[in-house]
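Have a look at the structure below, then the notes.
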Amino acid sequence: MKVLIPVAGRGSNLRPLTNTQPKALLPVAGKPVIAHIIDIFIDAGFDDFIIVIGYMGTRIESFILENYKDTKINFEFVVQIPREGSAHAVYVAKNFFEEEKELMVCLGDSIVNLDIKQMLENPNSVVGYQKVDNPGQVGVAELDTDGKVKRFVERPVIPKSNLGLVGIYKIVDIPAFIEGLEYVIDNNITSQNEIVITGAIQKMVAEGCNFEVQEVENWYDCGARNSLLEANATLLGRPGFQLTTTDDIKCENSIIIKPVKIGKNTVVKNAIIGPNVVIGEEAIIENCIIENSIIGAFTDLKDLLLKNSLVGHDSTLKGIAQSLNLGDHTEINFGNKV
């Protein structure tokens, strides 16, 4: 079975980081989002991938081909032009899966942990879900009394279900799936100006296709700043994750509060790093306190207090170092907000 991963989007919710690099290559817990997704499927035994690229697509293609060149994994790349949403992204790649019996689809900003073996053993089409507090802001599945899907709705105005779609789908009726994609594209059925997969699979349900749902163990939505930082913290805290210690880096007069992941050849001086911090390689961190943040490679940070922050690659940021002699009853506010 092939795995199709659409990563063509611009990642507008993660600007300005995505002004210079694609969302799929943003680092989470020490490696790019797309690598997390691919590795989950490789670990489950998949070896055939379709990657739909668009915005800065050549960089994504180059990263994948370079980092998986010593494997026997097959990658096919398809360019989505124009970029009109997830359903359109899947449809432009139909020539690569239309002869398949089944297809796995995973959206490129969703890192999902689930029992893939259970999903594969189900004879019906299956969607992954997680119970959400904001069903009006995501796609949801409404079930009948037998647990089968009776309706998919994208961002319902009056939600009748809290089973949020997390962006992973197993499709067992490929012709019906392609027909559903064509239907939403031809009729311009959109949500927030995008043609999404939810409409295509709802068309399949309306035509009599059976869908079931499977709850995922974890879902890390990497499509926005806060959720990206939350995913970073959660993944760093996984049992057995290879964390950084002071023995692994050039660390001078500093404290590392786990979980922390720091790249090679990074220098840390007079700093407190952690918890929940990732710093790229070849960085210089001096006189800083950094917590719950993702810091890119080749950065130069000095005299800073950073919390809940994203800093891109090759950035320089220096704060204010003070020498003060204050009398009694003094109040000073430098205007810094954390």
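Going through the structure tokens in order, the chains are called A, B, and so on, while each chain numbers its residues from 1 and the ligands are numbered from 1 in the order shown.
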
TODO: Based on DSSP run over this structure's backbone, return all residues of range 115-235 of chain A in alpha helix (DSSP H), as number ranges by chain.
DONE: A: 116-121, 174-186, 197-206, 225-235

- [ ] Identify, with DSSP run on backbone atoms, the residues in range 43-196 of chain A assigned to strand (DSSP E), and express the list as a PyMOL selection string.
- [x] chain A and resi 48-53+74-79+103-106+110-113+125-131+139-143+149-154+163-171

Take the residues that were just selected and, keeping N, CA and C atoms, output them as a compact mmCIF listing (two decimals), in the first residue's frame.
# COMPACT_ATOMS: atom_id res chain seq x y z
N ASP A 48 6.67 2.76 0.26
CA ASP A 48 6.32 3.40 -1.01
C ASP A 48 5.52 4.66 -0.72
N PHE A 49 6.09 5.82 -1.03
CA PHE A 49 5.50 7.10 -0.65
C PHE A 49 5.26 7.99 -1.87
N ILE A 50 4.15 8.73 -1.83
CA ILE A 50 3.87 9.79 -2.79
C ILE A 50 3.88 11.10 -2.00
N ILE A 51 4.75 12.02 -2.36
CA ILE A 51 4.86 13.30 -1.66
C ILE A 51 4.37 14.39 -2.60
N VAL A 52 3.30 15.08 -2.21
CA VAL A 52 2.76 16.17 -3.03
C VAL A 52 3.37 17.48 -2.53
N ILE A 53 4.15 18.12 -3.38
CA ILE A 53 4.88 19.32 -3.00
C ILE A 53 4.36 20.53 -3.78
N ASN A 74 10.91 3.92 -1.58
CA ASN A 74 10.63 4.57 -2.86
C ASN A 74 9.82 5.85 -2.63
N PHE A 75 10.28 6.95 -3.22
CA PHE A 75 9.57 8.22 -3.13
C PHE A 75 9.24 8.73 -4.53
N GLU A 76 7.99 9.13 -4.70
CA GLU A 76 7.55 9.79 -5.93
C GLU A 76 7.05 11.18 -5.56
N PHE A 77 7.42 12.17 -6.34
CA PHE A 77 7.08 13.56 -6.02
C PHE A 77 6.15 14.12 -7.10
N VAL A 78 5.09 14.77 -6.63
CA VAL A 78 4.10 15.38 -7.52
C VAL A 78 3.95 16.84 -7.13
N VAL A 79 3.92 17.73 -8.10
CA VAL A 79 3.79 19.16 -7.82
C VAL A 79 2.33 19.58 -7.94
N LEU A 103 -5.19 2.81 -0.23
CA LEU A 103 -4.30 3.96 -0.14
C LEU A 103 -4.34 4.52 1.28
N MET A 104 -3.16 4.91 1.78
CA MET A 104 -3.08 5.62 3.05
C MET A 104 -2.77 7.08 2.76
N VAL A 105 -3.50 7.99 3.40
CA VAL A 105 -3.27 9.42 3.24
C VAL A 105 -3.00 10.02 4.61
N CYS A 106 -1.94 10.80 4.72
CA CYS A 106 -1.64 11.49 5.98
C CYS A 106 -1.26 12.93 5.66
N SER A 110 0.37 16.86 10.34
CA SER A 110 -0.17 16.05 11.43
C SER A 110 0.78 14.91 11.75
N ILE A 111 1.39 14.97 12.93
CA ILE A 111 2.16 13.83 13.43
C ILE A 111 1.22 13.01 14.29
N VAL A 112 0.94 11.79 13.85
CA VAL A 112 -0.09 10.96 14.49
C VAL A 112 0.51 9.63 14.93
N ASN A 113 0.28 9.28 16.18
CA ASN A 113 0.65 7.96 16.68
C ASN A 113 -0.62 7.13 16.87
N SER A 125 -12.91 1.37 4.87
CA SER A 125 -12.13 2.60 4.95
C SER A 125 -12.18 3.11 6.38
N VAL A 126 -11.08 3.73 6.82
CA VAL A 126 -10.97 4.16 8.22
C VAL A 126 -10.39 5.57 8.26
N VAL A 127 -10.90 6.37 9.20
CA VAL A 127 -10.30 7.69 9.46
C VAL A 127 -9.86 7.73 10.92
N GLY A 128 -8.73 8.41 11.17
CA GLY A 128 -8.27 8.61 12.53
C GLY A 128 -8.98 9.79 13.16
N TYR A 129 -9.25 9.67 14.46
CA TYR A 129 -9.93 10.77 15.15
C TYR A 129 -9.37 10.93 16.55
N GLN A 130 -9.63 12.09 17.10
CA GLN A 130 -9.38 12.36 18.51
C GLN A 130 -10.50 13.27 19.01
N LYS A 131 -10.96 13.02 20.22
CA LYS A 131 -12.00 13.88 20.78
C LYS A 131 -11.43 15.27 21.02
N GLY A 139 -12.72 19.30 11.02
CA GLY A 139 -13.64 18.33 10.46
C GLY A 139 -14.01 17.30 11.51
N VAL A 140 -15.25 16.85 11.50
CA VAL A 140 -15.70 15.87 12.48
C VAL A 140 -16.42 14.72 11.79
N ALA A 141 -16.47 13.58 12.51
CA ALA A 141 -17.22 12.42 12.05
C ALA A 141 -18.41 12.20 12.95
N GLU A 142 -19.59 12.03 12.33
CA GLU A 142 -20.81 11.67 13.06
C GLU A 142 -21.08 10.19 12.82
N LEU A 143 -21.35 9.44 13.91
CA LEU A 143 -21.48 7.99 13.81
C LEU A 143 -22.91 7.54 13.99
N VAL A 149 -19.53 5.52 10.18
CA VAL A 149 -19.72 6.94 9.90
C VAL A 149 -21.00 7.14 9.10
N LYS A 150 -21.85 8.04 9.58
CA LYS A 150 -23.03 8.42 8.81
C LYS A 150 -22.85 9.77 8.13
N ARG A 151 -21.83 10.53 8.59
CA ARG A 151 -21.63 11.85 7.97
C ARG A 151 -20.28 12.43 8.38
N PHE A 152 -19.60 13.04 7.42
CA PHE A 152 -18.42 13.87 7.70
C PHE A 152 -18.80 15.33 7.47
N VAL A 153 -18.40 16.19 8.40
CA VAL A 153 -18.70 17.62 8.26
C VAL A 153 -17.44 18.41 8.57
N GLU A 154 -17.11 19.35 7.69
CA GLU A 154 -15.95 20.22 7.92
C GLU A 154 -16.39 21.49 8.63
N LEU A 163 -15.78 14.19 17.55
CA LEU A 163 -14.75 13.30 17.01
C LEU A 163 -14.01 14.03 15.89
N GLY A 164 -12.93 14.69 16.25
CA GLY A 164 -12.20 15.51 15.29
C GLY A 164 -11.31 14.68 14.38
N LEU A 165 -11.34 14.97 13.08
CA LEU A 165 -10.49 14.28 12.11
C LEU A 165 -9.06 14.80 12.24
N VAL A 166 -8.10 13.88 12.37
CA VAL A 166 -6.72 14.28 12.66
C VAL A 166 -5.83 14.25 11.43
N GLY A 167 -6.38 13.90 10.27
CA GLY A 167 -5.60 13.98 9.04
C GLY A 167 -4.97 12.69 8.58
N ILE A 168 -5.47 11.54 9.05
CA ILE A 168 -4.98 10.26 8.54
C ILE A 168 -6.17 9.42 8.08
N TYR A 169 -6.07 8.86 6.87
CA TYR A 169 -7.18 8.16 6.24
C TYR A 169 -6.66 6.89 5.55
N LYS A 170 -7.40 5.79 5.73
CA LYS A 170 -7.15 4.61 4.91
C LYS A 170 -8.34 4.44 3.98
N ILE A 171 -8.09 4.39 2.69
CA ILE A 171 -9.14 4.31 1.68
C ILE A 171 -9.07 2.94 1.00

TODO: Using only C-alpha atoms, find the one residue out of A:Gly54, A:Pro175, A:Gly136, A:Pro123 that sits nearest to Ser161 in chain A.
DONE: A:Gly136

Task: Close residues, Thr234 in chain A itself excluded, 10 Å, only C-alpha atoms, min 6 positions apart in chain, as a PyMOL selection string - done: chain A and resi 28-29+218+220+228+259+276

TODO: Could you give me, as a list in words, the residues within 10 Å of Lys318 in chain A, counting only C-alpha atoms and dropping anything in the same chain fewer than 5 positions from it?
DONE: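 Returned residues: Glu286, Asn287, Cys288, Asp300, Leu301, Lys302, Asp303 and Leu304 of chain A.
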
Open item on the list: For a test of reading the model, state the distance in Å between CA of Ile279 in chain A and CA of Asp221 in chain A, rounded to one decimal.
Closed with: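 The value is 20.4 Å.
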